[in-house]
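Q: Here you go, one structure.
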Amino acid sequence: CFTIDPEKACDLDDAISINKLSEFDQQTNSPIFEIGIHIADVASFVEIGSELDKELAWRGTSVYAGPSVIRMFPSNYSESLSLNPLQDRLAISYFFKVTLNNAKIIGQPFIVPTVIRSCAKLSYSFADKLINSDFEEKIIFDEVTTLQHSLTDISQDLKNLDKITQQ
């Protein structure tokens with residue numbers, strides 16, 4: 001999985017994964033993919049009624065206003081909660097199977113607690129580059145942290161996600 005956020009995002013609270021399955025939908029003549037939407041399980045760090053719980057209820061969300069950022073979690077918590085690359089993190093994950101050619105949902109989606117490890121932190125502009133152009137992996141490698149997957153694989157994942165969402 002990987003995150004896609006604004007370039008200067010500090011709180012990486014969601015990630016996405018896509019895996020091509022060995023299944024094939026005969027009806028639509030299409031390969032089937034499993035998509036996972038992963039949300040950081042920040043609730044597992046917060047004791048109900050604690051001072052932190054009260055602070056979070058007051059903050060509500062992170063706010064990006066120009067160059068200023070008001071984080072939902074105080075900065076000393078953000079590092080241990082963010083879905084940073086190459087770090088195991090608790091998440092709540094929503095999985096569903098979908099065909100590539102017409103975005104037909106196959107079966108029943110499900111939600112489960114997970115431990116995820118993001119392979120990359122992508123900005124919106126960089127993800128767009130990977131979807132819409134060919135690239136020299138060695139030239140742009142410094143724009144992303146990844147050891148588990150090549151940028152070619154991540155680019156193909158993004159292109160598949162883009163194709164599914166365009167249906």
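Chain lettering (A, B, ...) mirrors the order of the structure tokens, residue numbering begins at 1 for each chain separately, and ligand numbering begins at 1 in order of display.
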Using DSSP on the backbone coordinates, identify the residues of chain A assigned to alpha helix (DSSP H); present them as a compact mmCIF listing (two decimals) with N, CA, C and O atoms, in the first residue's frame.

A:
```txt
# COMPACT_ATOMS: atom_id res chain seq x y z
N GLU A 51 -7.15 13.31 28.81
CA GLU A 51 -6.86 14.67 28.36
C GLU A 51 -6.64 14.70 26.85
O GLU A 51 -7.10 15.62 26.17
N LEU A 52 -5.96 13.69 26.32
CA LEU A 52 -5.74 13.62 24.88
C LEU A 52 -7.08 13.49 24.14
O LEU A 52 -7.30 14.15 23.13
N ASP A 53 -7.98 12.69 24.64
CA ASP A 53 -9.29 12.51 24.04
C ASP A 53 -10.04 13.85 24.00
O ASP A 53 -10.63 14.21 22.97
N LYS A 54 -9.97 14.60 25.07
CA LYS A 54 -10.64 15.91 25.12
C LYS A 54 -10.00 16.90 24.14
O LYS A 54 -10.70 17.65 23.46
N GLU A 55 -8.67 16.87 24.04
CA GLU A 55 -7.96 17.74 23.11
C GLU A 55 -8.34 17.41 21.67
O GLU A 55 -8.57 18.29 20.84
N LEU A 56 -8.43 16.12 21.36
CA LEU A 56 -8.78 15.70 20.00
C LEU A 56 -10.21 16.06 19.66
O LEU A 56 -10.51 16.45 18.52
N ALA A 57 -11.11 15.94 20.61
CA ALA A 57 -12.51 16.32 20.37
C ALA A 57 -12.59 17.81 20.06
O ALA A 57 -13.38 18.23 19.21
N TRP A 58 -11.76 18.61 20.71
CA TRP A 58 -11.75 20.05 20.45
C TRP A 58 -11.16 20.35 19.07
O TRP A 58 -11.69 21.16 18.32
N ARG A 59 -10.07 19.66 18.70
CA ARG A 59 -9.41 19.92 17.41
C ARG A 59 -10.22 19.39 16.24
O ARG A 59 -10.32 20.03 15.21
N SER A 75 1.86 17.32 17.78
CA SER A 75 2.97 16.86 16.94
C SER A 75 3.75 15.71 17.56
O SER A 75 4.28 14.87 16.83
N ASN A 76 3.82 15.62 18.88
CA ASN A 76 4.59 14.53 19.48
C ASN A 76 3.91 13.17 19.26
O ASN A 76 4.54 12.13 19.44
N TYR A 77 2.65 13.14 18.86
CA TYR A 77 1.95 11.88 18.55
C TYR A 77 1.96 11.56 17.06
O TYR A 77 1.86 10.40 16.67
N SER A 78 2.05 12.57 16.22
CA SER A 78 1.87 12.38 14.78
C SER A 78 2.82 11.36 14.19
O SER A 78 2.43 10.55 13.36
N GLU A 79 4.08 11.40 14.59
CA GLU A 79 5.07 10.48 14.01
C GLU A 79 4.71 9.03 14.28
O GLU A 79 4.84 8.18 13.41
N SER A 80 4.23 8.72 15.48
CA SER A 80 3.92 7.34 15.81
C SER A 80 2.57 6.89 15.26
O SER A 80 2.27 5.70 15.25
N LEU A 81 1.74 7.80 14.77
CA LEU A 81 0.43 7.45 14.23
C LEU A 81 0.38 7.45 12.71
O LEU A 81 -0.42 6.75 12.11
N TYR A 124 0.33 14.27 -4.51
CA TYR A 124 -0.65 14.24 -5.59
C TYR A 124 0.02 14.47 -6.94
O TYR A 124 -0.26 13.78 -7.91
N SER A 125 0.92 15.44 -6.99
CA SER A 125 1.55 15.77 -8.28
C SER A 125 2.44 14.63 -8.75
O SER A 125 2.49 14.33 -9.95
N PHE A 126 3.13 13.99 -7.84
CA PHE A 126 3.99 12.88 -8.23
C PHE A 126 3.16 11.68 -8.68
O PHE A 126 3.48 11.02 -9.68
N ALA A 127 2.06 11.39 -7.97
CA ALA A 127 1.16 10.30 -8.39
C ALA A 127 0.62 10.59 -9.79
O ALA A 127 0.54 9.68 -10.62
N ASP A 128 0.27 11.84 -10.04
CA ASP A 128 -0.23 12.22 -11.36
C ASP A 128 0.84 11.97 -12.43
O ASP A 128 0.54 11.48 -13.52
N LYS A 129 2.10 12.29 -12.13
CA LYS A 129 3.19 12.02 -13.08
C LYS A 129 3.29 10.53 -13.37
O LYS A 129 3.50 10.13 -14.52
N LEU A 130 3.17 9.72 -12.34
CA LEU A 130 3.28 8.27 -12.52
C LEU A 130 2.13 7.71 -13.35
O LEU A 130 2.31 6.75 -14.09
N ILE A 131 0.95 8.31 -13.22
CA ILE A 131 -0.21 7.85 -13.99
C ILE A 131 -0.11 8.30 -15.44
O ILE A 131 -0.39 7.52 -16.35
N ASN A 132 0.29 9.52 -15.67
CA ASN A 132 0.16 10.14 -16.99
C ASN A 132 1.41 10.22 -17.85
O ASN A 132 1.38 10.80 -18.92
N GLU A 137 13.09 5.80 -13.78
CA GLU A 137 13.02 5.48 -12.35
C GLU A 137 14.21 6.04 -11.59
O GLU A 137 14.06 6.60 -10.52
N LYS A 138 15.42 5.95 -12.14
CA LYS A 138 16.60 6.43 -11.41
C LYS A 138 16.59 7.94 -11.20
O LYS A 138 17.17 8.44 -10.25
N ILE A 139 15.93 8.68 -12.08
CA ILE A 139 15.90 10.13 -11.97
C ILE A 139 14.97 10.59 -10.86
O ILE A 139 15.27 11.53 -10.14
N ILE A 140 13.85 9.92 -10.70
CA ILE A 140 12.85 10.41 -9.75
C ILE A 140 12.78 9.60 -8.48
O ILE A 140 11.95 9.84 -7.63
N LEU A 151 9.16 1.63 -8.60
CA LEU A 151 8.28 2.71 -9.05
C LEU A 151 7.46 2.27 -10.26
O LEU A 151 6.34 2.73 -10.46
N THR A 152 8.00 1.35 -11.04
CA THR A 152 7.25 0.81 -12.17
C THR A 152 6.00 0.09 -11.66
O THR A 152 4.91 0.26 -12.19
N ASP A 153 6.16 -0.70 -10.59
CA ASP A 153 5.01 -1.40 -10.00
C ASP A 153 4.00 -0.41 -9.42
O ASP A 153 2.80 -0.55 -9.62
N ILE A 154 4.50 0.60 -8.71
CA ILE A 154 3.61 1.60 -8.12
C ILE A 154 2.89 2.37 -9.22
O ILE A 154 1.69 2.63 -9.14
N SER A 155 3.61 2.71 -10.29
CA SER A 155 3.00 3.40 -11.42
C SER A 155 1.88 2.55 -12.04
O SER A 155 0.80 3.07 -12.33
N GLN A 156 2.13 1.26 -12.21
CA GLN A 156 1.11 0.38 -12.77
C GLN A 156 -0.10 0.28 -11.83
O GLN A 156 -1.24 0.28 -12.28
N ASP A 157 0.16 0.20 -10.53
CA ASP A 157 -0.95 0.18 -9.55
C ASP A 157 -1.80 1.44 -9.69
O ASP A 157 -3.03 1.38 -9.71
N LEU A 158 -1.15 2.59 -9.79
CA LEU A 158 -1.88 3.85 -9.94
C LEU A 158 -2.67 3.89 -11.25
O LEU A 158 -3.81 4.36 -11.28
N LYS A 159 -2.08 3.39 -12.32
CA LYS A 159 -2.78 3.36 -13.60
C LYS A 159 -4.00 2.45 -13.54
O LYS A 159 -5.05 2.78 -14.10
N ASN A 160 -3.88 1.32 -12.87
CA ASN A 160 -5.03 0.43 -12.70
C ASN A 160 -6.12 1.09 -11.85
O ASN A 160 -7.30 1.02 -12.18
N LEU A 161 -5.72 1.74 -10.75
CA LEU A 161 -6.71 2.46 -9.94
C LEU A 161 -7.40 3.55 -10.75
O LEU A 161 -8.62 3.73 -10.67
N ASP A 162 -6.62 4.29 -11.53
CA ASP A 162 -7.18 5.34 -12.37
C ASP A 162 -8.17 4.77 -13.37
O ASP A 162 -9.26 5.32 -13.56
N LYS A 163 -7.83 3.65 -14.00
CA LYS A 163 -8.73 3.04 -14.96
C LYS A 163 -10.03 2.60 -14.29
O LYS A 163 -11.13 2.83 -14.84
N ILE A 164 -9.94 2.02 -13.13
CA ILE A 164 -11.14 1.57 -12.40
C ILE A 164 -12.02 2.77 -12.04
O ILE A 164 -13.22 2.71 -12.21
N THR A 165 -11.41 3.85 -11.59
CA THR A 165 -12.21 5.01 -11.18
C THR A 165 -12.81 5.76 -12.35
O THR A 165 -13.74 6.54 -12.16
```

Q: Per DSSP on the backbone, what are the strand (DSSP E) residues of segment 32-125 of chain A, as a PyMOL selection string?

A: chain A and resi 32-40+63-65+68-70+88-99+105-117+120-123

Q: If you measure from atom CA of Asp14 of chain A to atom CA of Val98 of chain A, what distance in Å do you get, rounded to one decimal?

A: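 One can read the atom CA of Asp14 of chain A to atom CA of Val98 of chain A distance as 20.0 Å.
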
Q: Between A:Ile116, A:Phe110, A:Lys104, A:Leu12, which has the minimum distance to Asn29 of chain A (counting only C-alpha atoms)?

A: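 Looking only at the distances to Asn29 of chain A, the closest residue turns out to be A:Lys104.
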
Q: Using only C-alpha atoms, find each residue in segment 54-103 of chain A having at least one atom no more than 6 Å away from segment 34-43 of chain A; report its shortest atom-to-atom pair and that distance in Å (one decimal), rows by chain then rising number, as CSV.

A:
```
residue,atom,partner,partner_atom,distance
A:Leu90,CA,A:Asp41,CA,5.4
A:Ala91,CA,A:Ala40,CA,4.3
A:Ile92,CA,A:Ile39,CA,5.3
A:Ser93,CA,A:His38,CA,4.3
A:Tyr94,CA,A:Ile37,CA,5.2
A:Phe95,CA,A:Gly36,CA,4.5
A:Phe96,CA,A:Ile35,CA,5.6
A:Lys97,CA,A:Glu34,CA,4.3
```

Q: Could you save those same residues with all heavy atoms as a PDB file, in the first residue's frame?

A:
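To be explicit, this is the file written out as selection39.pdb:
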```pdb
ATOM      1  N   LEU A  90      -1.049   0.202  12.902  1.00  0.00           N
ATOM      2  CA  LEU A  90      -2.409  -0.303  13.053  1.00  0.00           C
ATOM      3  C   LEU A  90      -3.339   0.499  12.155  1.00  0.00           C
ATOM      4  O   LEU A  90      -3.210   1.717  12.043  1.00  0.00           O
ATOM      5  CB  LEU A  90      -2.868  -0.169  14.505  1.00  0.00           C
ATOM      6  CG  LEU A  90      -2.077  -0.972  15.538  1.00  0.00           C
ATOM      7  CD1 LEU A  90      -2.556  -0.635  16.945  1.00  0.00           C
ATOM      8  CD2 LEU A  90      -2.173  -2.459  15.273  1.00  0.00           C
ATOM      9  N   ALA A  91      -4.274  -0.194  11.527  1.00  0.00           N
ATOM     10  CA  ALA A  91      -5.226   0.475  10.639  1.00  0.00           C
ATOM     11  C   ALA A  91      -6.560  -0.257  10.699  1.00  0.00           C
ATOM     12  O   ALA A  91      -6.659  -1.389  11.186  1.00  0.00           O
ATOM     13  CB  ALA A  91      -4.701   0.476   9.204  1.00  0.00           C
ATOM     14  N   ILE A  92      -7.576   0.423  10.219  1.00  0.00           N
ATOM     15  CA  ILE A  92      -8.867  -0.195   9.930  1.00  0.00           C
ATOM     16  C   ILE A  92      -8.953  -0.194   8.410  1.00  0.00           C
ATOM     17  O   ILE A  92      -8.805   0.850   7.777  1.00  0.00           O
ATOM     18  CB  ILE A  92     -10.041   0.600  10.549  1.00  0.00           C
ATOM     19  CG1 ILE A  92      -9.866   0.722  12.069  1.00  0.00           C
ATOM     20  CG2 ILE A  92     -11.366  -0.043  10.182  1.00  0.00           C
ATOM     21  CD1 ILE A  92      -9.859  -0.598  12.827  1.00  0.00           C
ATOM     22  N   SER A  93      -9.161  -1.376   7.836  1.00  0.00           N
ATOM     23  CA  SER A  93      -9.078  -1.510   6.382  1.00  0.00           C
ATOM     24  C   SER A  93     -10.390  -2.001   5.790  1.00  0.00           C
ATOM     25  O   SER A  93     -11.040  -2.891   6.342  1.00  0.00           O
ATOM     26  CB  SER A  93      -7.956  -2.480   6.009  1.00  0.00           C
ATOM     27  OG  SER A  93      -6.712  -1.987   6.466  1.00  0.00           O
ATOM     28  N   TYR A  94     -10.747  -1.398   4.668  1.00  0.00           N
ATOM     29  CA  TYR A  94     -11.946  -1.741   3.902  1.00  0.00           C
ATOM     30  C   TYR A  94     -11.461  -2.381   2.610  1.00  0.00           C
ATOM     31  O   TYR A  94     -10.717  -1.757   1.853  1.00  0.00           O
ATOM     32  CB  TYR A  94     -12.743  -0.468   3.622  1.00  0.00           C
ATOM     33  CG  TYR A  94     -13.953  -0.645   2.742  1.00  0.00           C
ATOM     34  CD1 TYR A  94     -15.143  -1.135   3.270  1.00  0.00           C
ATOM     35  CD2 TYR A  94     -13.915  -0.312   1.393  1.00  0.00           C
ATOM     36  CE1 TYR A  94     -16.270  -1.277   2.469  1.00  0.00           C
ATOM     37  CE2 TYR A  94     -15.034  -0.447   0.591  1.00  0.00           C
ATOM     38  CZ  TYR A  94     -16.206  -0.937   1.132  1.00  0.00           C
ATOM     39  OH  TYR A  94     -17.318  -1.078   0.332  1.00  0.00           O
ATOM     40  N   PHE A  95     -11.849  -3.633   2.377  1.00  0.00           N
ATOM     41  CA  PHE A  95     -11.430  -4.359   1.188  1.00  0.00           C
ATOM     42  C   PHE A  95     -12.617  -4.685   0.303  1.00  0.00           C
ATOM     43  O   PHE A  95     -13.698  -5.012   0.802  1.00  0.00           O
ATOM     44  CB  PHE A  95     -10.755  -5.679   1.570  1.00  0.00           C
ATOM     45  CG  PHE A  95      -9.429  -5.521   2.246  1.00  0.00           C
ATOM     46  CD1 PHE A  95      -9.323  -5.587   3.630  1.00  0.00           C
ATOM     47  CD2 PHE A  95      -8.273  -5.325   1.509  1.00  0.00           C
ATOM     48  CE1 PHE A  95      -8.110  -5.458   4.263  1.00  0.00           C
ATOM     49  CE2 PHE A  95      -7.039  -5.187   2.130  1.00  0.00           C
ATOM     50  CZ  PHE A  95      -6.957  -5.260   3.506  1.00  0.00           C
ATOM     51  N   PHE A  96     -12.397  -4.599  -1.000  1.00  0.00           N
ATOM     52  CA  PHE A  96     -13.408  -5.046  -1.949  1.00  0.00           C
ATOM     53  C   PHE A  96     -12.724  -5.511  -3.228  1.00  0.00           C
ATOM     54  O   PHE A  96     -11.600  -5.116  -3.535  1.00  0.00           O
ATOM     55  CB  PHE A  96     -14.441  -3.951  -2.243  1.00  0.00           C
ATOM     56  CG  PHE A  96     -13.882  -2.694  -2.843  1.00  0.00           C
ATOM     57  CD1 PHE A  96     -13.923  -2.471  -4.209  1.00  0.00           C
ATOM     58  CD2 PHE A  96     -13.321  -1.715  -2.026  1.00  0.00           C
ATOM     59  CE1 PHE A  96     -13.415  -1.301  -4.756  1.00  0.00           C
ATOM     60  CE2 PHE A  96     -12.812  -0.547  -2.570  1.00  0.00           C
ATOM     61  CZ  PHE A  96     -12.862  -0.340  -3.939  1.00  0.00           C
ATOM     62  N   LYS A  97     -13.414  -6.408  -3.934  1.00  0.00           N
ATOM     63  CA  LYS A  97     -12.922  -6.911  -5.218  1.00  0.00           C
ATOM     64  C   LYS A  97     -13.670  -6.187  -6.321  1.00  0.00           C
ATOM     65  O   LYS A  97     -14.871  -5.956  -6.225  1.00  0.00           O
ATOM     66  CB  LYS A  97     -13.162  -8.414  -5.341  1.00  0.00           C
ATOM     67  CG  LYS A  97     -12.368  -9.237  -4.364  1.00  0.00           C
ATOM     68  CD  LYS A  97     -12.694 -10.714  -4.535  1.00  0.00           C
ATOM     69  CE  LYS A  97     -11.982 -11.558  -3.514  1.00  0.00           C
ATOM     70  NZ  LYS A  97     -12.323 -12.994  -3.667  1.00  0.00           N
TER      71      LYS A  97
END
```

Q: Of the candidates A:Gly107, A:Phe73, A:Thr99, A:Ala120, which shows the shortest atom-to-atom distance to Ser22 of chain A, using only C-alpha atoms?

A: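 Counting only C-alpha atoms, the residue closest to Ser22 of chain A is A:Thr99.
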
Q: So that I can check the surroundings of Pro85 of chain A, please list as a list of chain:residue names every protein, DNA and RNA residue that reaches within 7 Å of it, counting only C-alpha atoms and ignoring chain neighbours fewer than 5 positions away.

A: A:Arg117, A:Ser118, A:Cys119, A:Ala120, A:Lys121, A:Thr145

Q: Just the residues within 8 Å of Pro6 of chain A, please, counting only C-alpha atoms, with nothing from its chain fewer than 2 positions along; format it as a PDB file with N, CA, C and O atoms, in the first residue's frame.

A:
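selection_38.pdb, freshly written:
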```
ATOM      1  N   ILE A   4      -1.102   8.841  -0.567  1.00  0.00           N
ATOM      2  CA  ILE A   4      -1.089   9.938  -1.534  1.00  0.00           C
ATOM      3  C   ILE A   4      -1.681  11.142  -0.815  1.00  0.00           C
ATOM      4  O   ILE A   4      -2.844  11.120  -0.409  1.00  0.00           O
ATOM      5  N   LYS A   8       3.287  18.674   1.373  1.00  0.00           N
ATOM      6  CA  LYS A   8       3.830  18.981   2.693  1.00  0.00           C
ATOM      7  C   LYS A   8       3.029  18.349   3.839  1.00  0.00           C
ATOM      8  O   LYS A   8       3.153  18.753   4.988  1.00  0.00           O
ATOM      9  N   ALA A   9       2.223  17.337   3.533  1.00  0.00           N
ATOM     10  CA  ALA A   9       1.397  16.699   4.563  1.00  0.00           C
ATOM     11  C   ALA A   9       2.264  16.076   5.649  1.00  0.00           C
ATOM     12  O   ALA A   9       3.293  15.459   5.366  1.00  0.00           O
ATOM     13  N   SER A 123       3.134  12.313  -3.316  1.00  0.00           N
ATOM     14  CA  SER A 123       2.370  13.560  -3.370  1.00  0.00           C
ATOM     15  C   SER A 123       1.359  13.417  -4.507  1.00  0.00           C
ATOM     16  O   SER A 123       1.506  12.566  -5.390  1.00  0.00           O
ATOM     17  N   TYR A 124       0.333  14.267  -4.507  1.00  0.00           N
ATOM     18  CA  TYR A 124      -0.653  14.235  -5.587  1.00  0.00           C
ATOM     19  C   TYR A 124       0.020  14.474  -6.937  1.00  0.00           C
ATOM     20  O   TYR A 124      -0.260  13.780  -7.914  1.00  0.00           O
TER      21      TYR A 124
END
```

Q: Please measure the separation of atom CA of Ile70 of chain A and atom CA of Leu83 of chain A, giving the value in Å to one decimal.

A: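 Separating atom CA of Ile70 of chain A from atom CA of Leu83 of chain A is a distance of 18.4 Å.
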
Q: Would you please work out which residue, of A:Ser62, A:Phe45, A:Leu100, A:Leu122, is nearest to Leu21 of chain A when using only C-alpha atoms?

A: A:Leu100

Q: To one decimal place, how far is atom CA of Phe24 of chain A from atom CA of Phe2 of chain A in Å?

A: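 Between atom CA of Phe24 of chain A and atom CA of Phe2 of chain A the gap works out to 24.9 Å.
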
Q: Which of these residues is nearest to Thr28 of chain A, using only C-alpha atoms: A:Met72, A:Ile48, A:Cys1, A:Ile105?

A: A:Ile105

Q: Which residue gives the smallest distance to Gln27 of chain A among A:Gln108, A:Gln87, A:Asn101, A:Ser133, with only C-alpha atoms counted?

A: A:Asn101

Q: With distances taken over only C-alpha atoms, which residue among A:Gly66, A:Asn102, A:Asp11, A:Ile16 lies nearest Gln166 of chain A?

A: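 When distances to Gln166 of chain A are compared using only C-alpha atoms, the smallest one comes from A:Asn102.
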